[in-house]
There are 2 protein chains.
Amino acid sequence: MIRVLRGHIVDAPRLGELQVTECGWLVLEDGVIRGVFDRLPAAYDNAPVTDYGDRLILPSFADMHLHAPQYPMLGMGMDLPLLDWLGTYAFPTEARFGDPDYARRTYRRLASDLITNGTTRVCMFSSLHTEATWILMEELERAGVTGYVGKVNMDRNGVPGLLQETAEQSAAETLRWLEGCRSDRVKPILTPRFTPSCSDELMARLGAIAAERGLYVQSHLSESLQEIEWVRNLHPDCERYWETYAKFGLWKDHTLMAHCVWSDTNERAAMRAAGVVAVHCADSNVNICSGVCPVRRLLDEGIWVTLGSDIAGGAQLPMYKVITAAIRASKIRRVIDDWTTDFLTVEEAFYLGTTAGHRYFGAGEGFAPGNRLHAIVVDDGDFPEAVGPLTVRERFQRAVYMLHRRNIVAVWSDGRCVVEKPLVPAEN
Amino acid sequence: MIRVLRGHIVDAPRLGELQVTECGWLVLEDGVIRGVFDRLPAAYDNAPVTDYGDRLILPSFADMHLHAPQYPMLGMGMDLPLLDWLGTYAFPTEARFGDPDYARRTYRRLASDLITNGTTRVCMFSSLHTEATWILMEELERAGVTGYVGKVNMDRNGVPGLLQETAEQSAAETLRWLEGCRSDRVKPILTPRFTPSCSDELMARLGAIAAERGLYVQSHLSESLQEIEWVRNLHPDCERYWETYAKFGLWKDHTLMAHCVWSDTNERAAMRAAGVVAVHCADSNVNICSGVCPVRRLLDEGIWVTLGSDIAGGAQLPMYKVITAAIRASKIRRVIDDWTTDFLTVEEAFYLGTTAGHRYFGAGEGFAPGNRLHAIVVDDGDFPEAVGPLTVRERFQRAVYMLHRRNIVAVWSDGRCVVEKPLVPAEN
């Protein structure tokens, strides 16, 4: 089935490159992009057209790191040091997801907040609860959010009896959970919380499961100096943090590592060599005083960098906020580096929050032919009146800074239109 | 006329101090606060009560530095260096305010966006246009925003013929403008743009006008290293930036200085000695790569610090966003300082964005008796469900991070209720 979308089409196929097709045509066949055109090819003359008029058609967002069960604590306890924050807020909150009804309510809300803010792909941590993790996957799928979700594994340094498993339980539950995952749109990913949470025995079992079933892996890496020190004490045999994953077969192609704020030259080389993907979580790094990730250096070295909201260390779910947080962090990095490093331009950061993430799921660059459509439609009609007519590129830049979900009037995910709303009046 | 407000009353009377009156009563007489009470004193038994139920009653915000005529360029040109940004965006945009119709439309929108976001007091730069400045003052007053507005003075380094005056014109227009200011709620403040924009002759004339009429002064100080260097070249006679204001009588009690990112010990001592007030504009400093202001040090040294959105160097008008931007900047400062300086807590930053600003206008601490009421009423009913009941203090903290204008259901300014709306449903 052919369908044609009309509007100002903007995407970021490569880092720093913006592709603008003013009053363009985007042709879909069964949800798959056939092409973006200045003029509609005659072959599609009779296809049904959805005319978005003067609005912008942009790629949707990919949030590559967030903790679903921390959503209820968004914006809370932000003055606490990391370990107190975990003890007072994060762990008690995650423990609550033993209750399937609470999980259902909370995850339905989270899924709705994601999709209406234009996030159509995620890589997400659940809690250690198998049932709640299935519920999370169901609710994402129902809302139209696609991607990977992981039941968390942790058998040490949690809350014994409340939020901790044995290595054996954790592995057995992981297998039971995997058996129950059946969706093509929301798939499982192995999720050892991070090295301090997982014994060698558990890591070894997870490494075996990953190899046997060809599963991807997500975890945390070199977020703060204290954490690195902790890992060093736990693993005197490993010179660097990344080796604690590598020795169990968890450091491999498509392994997602959140943060990488303090990864050194050796660790960064190991990432590149293995095909490990970094998830930069700028807001979280600032809120927790972890440090200021040298993203420009990671990019210059050829590391695959994506962005994550890292709810609830990050306090902002919408990826357009995460994108501007990444720009701001890179500008601060520039100041710290005595103005010798370049900040992320709007186009670059937008690429990281869209194409760089979508590629993790096998997509081609931007709105490349062959991609299933992941897009948002932006109505900027309620932004303040500019002094004169704006170019589409200027409107795009302004939208990245000023978007609110009321401006996202349609969302396409996996080739389907999953959010479609009438134009909200300017007042609000 | 007595009126009583009921709700959870929270204010920040002093730096780092939060005052919470759960299910409290706030008594007003002719718009002036008589007191905040746990139980309503019998004397007020028959007074009309506005019951805000489970909502939070907080102080409204004071935005102590923003450029009204830059509002149309919010979020635009953020990748440009400061001087290109001024040339490409800021100056052409400001020049547009020679058109009173455009000024009326834009300033009406700005005033509405300010008041519905809970900003009831401002110190604001207009452009150099006298008519547009009167229009701005009218529109603020009409919306319920109070404070100070300044016609900008600039007779050098602007855009000759488009956005620049002679010293004589500038002084004459300033006098004409002052004659036309009649409001008690929106008053004039002298506004030399900054030293590079104003010749000695103009500065001397403004200093004379300030002394003669007892007017306050606002300007910019030590925002970036290049700017400091520029000022040094323009004024070989002055060792430090602040002296270029002091020598013309513009450095005095209540002089507002935006930024102060790079003020050194000497300049900071001069601020304290003169009673000069610093306006910290965290988002703008980051966006323009100016630096990371050591706010904690300014506070520790006893300098009066307030907050400003600095539209459009800052890209966020709502002061709750400016408050969290200040928290984030202080956390980055902590990282830069090797974790030796403390960040701003939520309570501290909230104090800076409320009481510290309101005091500029003569108000007492927080909801002190004798203050005319400046307050917002917050409905947090659409925030994600927490794991259990929250304290009012937790709700306050979460609100600072998660507020959106839809959550601000009433705004009181100068003792009057200027925004009052029905509860918006949770979905949005």
# chains A, B, ... in the order shown; residues from 1 in each chain; ligands from 1
>>> select_by_dssp(residues="region 153-299 of chain A", states="helix (DSSP H, G or I)", output="ChimeraX atom specification")
/A:167-179,195-197,200-213,225-234,241-246,265-274,282-287,295-299
>>> residues_around(residues="Gly214 (chain B)", least_positions_apart="3", cutoff="12 Å", atoms="only C-alpha atoms", output="PyMOL selection string")
chain B and resi 188-190+206-211+217+249-250+252-255
>>> write_last_selection(atoms="all heavy atoms", output="tab-separated table (two decimals), in the first residue's frame")
chain	number	residue	atom	x	y	z
B	188	PRO	N	10.67	53.26	35.12
B	188	PRO	CA	11.89	53.33	34.29
B	188	PRO	C	13.16	53.05	35.08
B	188	PRO	O	13.25	53.35	36.27
B	188	PRO	CB	11.88	54.78	33.79
B	188	PRO	CG	11.16	55.54	34.87
B	188	PRO	CD	10.14	54.59	35.46
B	189	ILE	N	14.13	52.48	34.39
B	189	ILE	CA	15.47	52.27	34.94
B	189	ILE	C	16.47	52.66	33.85
B	189	ILE	O	16.22	52.38	32.66
B	189	ILE	CB	15.65	50.80	35.39
B	189	ILE	CG1	17.01	50.58	36.04
B	189	ILE	CG2	15.44	49.82	34.24
B	189	ILE	CD1	17.12	49.21	36.77
B	190	LEU	N	17.54	53.32	34.21
B	190	LEU	CA	18.52	53.74	33.19
B	190	LEU	C	19.30	52.52	32.70
B	190	LEU	O	19.70	51.68	33.49
B	190	LEU	CB	19.47	54.79	33.76
B	190	LEU	CG	18.88	56.19	33.93
B	190	LEU	CD1	19.96	57.17	34.36
B	190	LEU	CD2	18.21	56.68	32.64
B	206	LEU	N	24.25	60.11	31.32
B	206	LEU	CA	23.37	59.18	32.04
B	206	LEU	C	23.63	59.23	33.54
B	206	LEU	O	22.70	59.16	34.35
B	206	LEU	CB	23.56	57.76	31.50
B	206	LEU	CG	23.13	57.55	30.04
B	206	LEU	CD1	23.47	56.13	29.58
B	206	LEU	CD2	21.62	57.81	29.88
B	207	GLY	N	24.92	59.36	33.90
B	207	GLY	CA	25.24	59.45	35.33
B	207	GLY	C	24.57	60.67	35.95
B	207	GLY	O	24.03	60.60	37.07
B	208	ALA	N	24.55	61.78	35.19
B	208	ALA	CA	23.92	63.00	35.70
B	208	ALA	C	22.41	62.81	35.85
B	208	ALA	O	21.81	63.21	36.86
B	208	ALA	CB	24.22	64.17	34.75
B	209	ILE	N	21.80	62.17	34.85
B	209	ILE	CA	20.35	61.94	34.92
B	209	ILE	C	20.02	61.03	36.12
B	209	ILE	O	19.06	61.25	36.86
B	209	ILE	CB	19.82	61.31	33.60
B	209	ILE	CG1	20.00	62.30	32.44
B	209	ILE	CG2	18.37	60.89	33.74
B	209	ILE	CD1	19.70	61.71	31.06
B	210	ALA	N	20.84	59.98	36.29
B	210	ALA	CA	20.60	59.04	37.40
B	210	ALA	C	20.64	59.78	38.74
B	210	ALA	O	19.77	59.56	39.60
B	210	ALA	CB	21.64	57.92	37.38
B	211	ALA	N	21.64	60.64	38.89
B	211	ALA	CA	21.79	61.35	40.17
B	211	ALA	C	20.64	62.33	40.39
B	211	ALA	O	20.03	62.37	41.46
B	211	ALA	CB	23.13	62.10	40.18
B	217	VAL	N	20.01	51.84	37.91
B	217	VAL	CA	20.76	51.59	36.67
B	217	VAL	C	20.90	50.09	36.46
B	217	VAL	O	21.08	49.34	37.42
B	217	VAL	CB	22.17	52.23	36.77
B	217	VAL	CG1	23.01	51.88	35.54
B	217	VAL	CG2	22.07	53.74	36.94
B	249	GLY	N	29.38	57.61	37.83
B	249	GLY	CA	28.30	57.63	38.83
B	249	GLY	C	27.23	56.58	38.59
B	249	GLY	O	26.11	56.68	39.11
B	250	LEU	N	27.56	55.56	37.77
B	250	LEU	CA	26.55	54.55	37.47
B	250	LEU	C	26.74	53.29	38.32
B	250	LEU	O	25.97	52.33	38.21
B	250	LEU	CB	26.63	54.19	35.98
B	250	LEU	CG	26.30	55.37	35.04
B	250	LEU	CD1	26.78	55.09	33.63
B	250	LEU	CD2	24.79	55.67	35.06
B	252	LYS	N	26.44	52.05	41.77
B	252	LYS	CA	25.90	52.54	43.05
B	252	LYS	C	24.89	51.57	43.60
B	252	LYS	O	24.60	50.54	42.98
B	252	LYS	CB	25.28	53.93	42.84
B	252	LYS	CG	24.13	53.94	41.83
B	252	LYS	CD	23.79	55.37	41.42
B	252	LYS	CE	22.54	55.44	40.56
B	252	LYS	NZ	21.27	55.35	41.27
B	253	ASP	N	24.36	51.90	44.73
B	253	ASP	CA	23.36	51.06	45.38
B	253	ASP	C	22.26	50.67	44.40
B	253	ASP	O	21.71	51.53	43.69
B	253	ASP	CB	22.77	51.84	46.56
B	253	ASP	CG	21.82	50.97	47.36
B	253	ASP	OD1	22.23	49.87	47.77
B	253	ASP	OD2	20.66	51.40	47.52
B	254	HIS	N	21.93	49.36	44.33
B	254	HIS	CA	20.88	48.83	43.47
B	254	HIS	C	21.22	48.82	41.98
B	254	HIS	O	20.36	48.51	41.17
B	254	HIS	CB	19.54	49.56	43.68
B	254	HIS	CG	18.74	49.01	44.82
B	254	HIS	ND1	19.06	49.26	46.14
B	254	HIS	CD2	17.66	48.18	44.86
B	254	HIS	CE1	18.19	48.64	46.92
B	254	HIS	NE2	17.33	47.96	46.17
B	255	THR	N	22.46	49.18	41.61
B	255	THR	CA	22.82	48.99	40.21
B	255	THR	C	22.85	47.50	39.92
B	255	THR	O	23.47	46.72	40.64
B	255	THR	CB	24.21	49.61	39.90
B	255	THR	OG1	24.09	51.03	39.94
B	255	THR	CG2	24.71	49.19	38.52
>>> residues_around(residues="Thr191 (chain A)", least_positions_apart="6", cutoff="10 Å", atoms="only C-alpha atoms", output="ChimeraX atom specification")
/A:124-128,149-154,174,206,216-220,250,256
>>> write_last_selection(atoms="N, CA and C atoms", output="mmCIF file, in the first residue's frame")
data_model
loop_
_atom_site.group_PDB
_atom_site.id
_atom_site.type_symbol
_atom_site.label_atom_id
_atom_site.label_comp_id
_atom_site.auth_asym_id
_atom_site.auth_seq_id
_atom_site.Cartn_x
_atom_site.Cartn_y
_atom_site.Cartn_z
ATOM 1 N N MET A 124 16.043 0.319 27.039
ATOM 2 C CA MET A 124 15.514 0.684 28.335
ATOM 3 C C MET A 124 15.844 -0.361 29.389
ATOM 4 N N PHE A 125 16.163 0.109 30.584
ATOM 5 C CA PHE A 125 16.287 -0.769 31.745
ATOM 6 C C PHE A 125 14.915 -0.895 32.394
ATOM 7 N N SER A 126 14.511 -2.121 32.696
ATOM 8 C CA SER A 126 13.362 -2.340 33.564
ATOM 9 C C SER A 126 13.921 -2.519 34.984
ATOM 10 N N SER A 127 13.149 -3.098 35.894
ATOM 11 C CA SER A 127 13.679 -3.509 37.203
ATOM 12 C C SER A 127 14.044 -4.988 37.093
ATOM 13 N N LEU A 128 14.310 -5.636 38.214
ATOM 14 C CA LEU A 128 14.644 -7.064 38.142
ATOM 15 C C LEU A 128 13.400 -7.945 38.055
ATOM 16 N N VAL A 149 14.152 -3.827 25.626
ATOM 17 C CA VAL A 149 13.937 -3.658 27.059
ATOM 18 C C VAL A 149 14.682 -4.779 27.770
ATOM 19 N N GLY A 150 15.294 -4.449 28.904
ATOM 20 C CA GLY A 150 16.018 -5.470 29.657
ATOM 21 C C GLY A 150 15.514 -5.626 31.076
ATOM 22 N N LYS A 151 15.206 -6.877 31.429
ATOM 23 C CA LYS A 151 15.054 -7.211 32.850
ATOM 24 C C LYS A 151 16.426 -7.017 33.481
ATOM 25 N N VAL A 152 16.497 -6.262 34.569
ATOM 26 C CA VAL A 152 17.788 -5.965 35.191
ATOM 27 C C VAL A 152 18.295 -7.166 35.994
ATOM 28 N N ASN A 153 19.600 -7.403 35.919
ATOM 29 C CA ASN A 153 20.235 -8.423 36.755
ATOM 30 C C ASN A 153 21.070 -7.756 37.838
ATOM 31 N N MET A 154 20.854 -8.161 39.091
ATOM 32 C CA MET A 154 21.719 -7.672 40.175
ATOM 33 C C MET A 154 21.697 -8.656 41.336
ATOM 34 N N THR A 174 15.985 -14.743 34.151
ATOM 35 C CA THR A 174 16.294 -14.171 32.838
ATOM 36 C C THR A 174 15.831 -15.119 31.733
ATOM 37 N N LEU A 206 25.426 -14.665 32.315
ATOM 38 C CA LEU A 206 24.839 -13.749 31.328
ATOM 39 C C LEU A 206 25.631 -13.778 30.025
ATOM 40 N N TYR A 216 21.846 -8.822 22.351
ATOM 41 C CA TYR A 216 22.602 -7.607 22.651
ATOM 42 C C TYR A 216 22.668 -7.405 24.162
ATOM 43 N N VAL A 217 23.601 -6.519 24.571
ATOM 44 C CA VAL A 217 23.841 -6.261 25.998
ATOM 45 C C VAL A 217 23.839 -4.755 26.230
ATOM 46 N N GLN A 218 23.286 -4.318 27.379
ATOM 47 C CA GLN A 218 23.398 -2.904 27.768
ATOM 48 C C GLN A 218 23.828 -2.819 29.234
ATOM 49 N N SER A 219 24.615 -1.805 29.542
ATOM 50 C CA SER A 219 25.028 -1.587 30.930
ATOM 51 C C SER A 219 25.581 -0.168 31.093
ATOM 52 N N HIS A 220 26.304 0.042 32.192
ATOM 53 C CA HIS A 220 26.892 1.357 32.493
ATOM 54 C C HIS A 220 28.412 1.265 32.473
ATOM 55 N N LEU A 250 30.712 -9.975 27.487
ATOM 56 C CA LEU A 250 29.630 -8.988 27.402
ATOM 57 C C LEU A 250 30.063 -7.713 26.663
ATOM 58 N N LEU A 256 25.755 -1.714 24.410
ATOM 59 C CA LEU A 256 25.472 -0.305 24.710
ATOM 60 C C LEU A 256 26.038 0.030 26.072
#
>>> residues_around(residues="region 160-169 of chain B", least_positions_apart="2", cutoff="10 Å", atoms="only C-alpha atoms", output="VMD selection string")
chain B and resid 91 to 92 94 to 96 98 127 to 129 153 to 158 171 to 175 197 to 206
>>> residues_around(residues="region 372-377 of chain B", least_positions_apart="6", cutoff="10 Å", atoms="only C-alpha atoms", output="JSON, numbers by chain")
{"B": [7, 8, 9, 11, 26, 27, 28, 29, 30, 31, 32, 33, 34, 52, 55, 56, 57, 58, 59, 60, 61, 62, 115, 116, 117, 118, 119, 120, 121, 354, 358, 363, 364, 366, 407, 408, 409, 410, 411, 412, 413, 414, 415, 416, 417, 419, 420]}
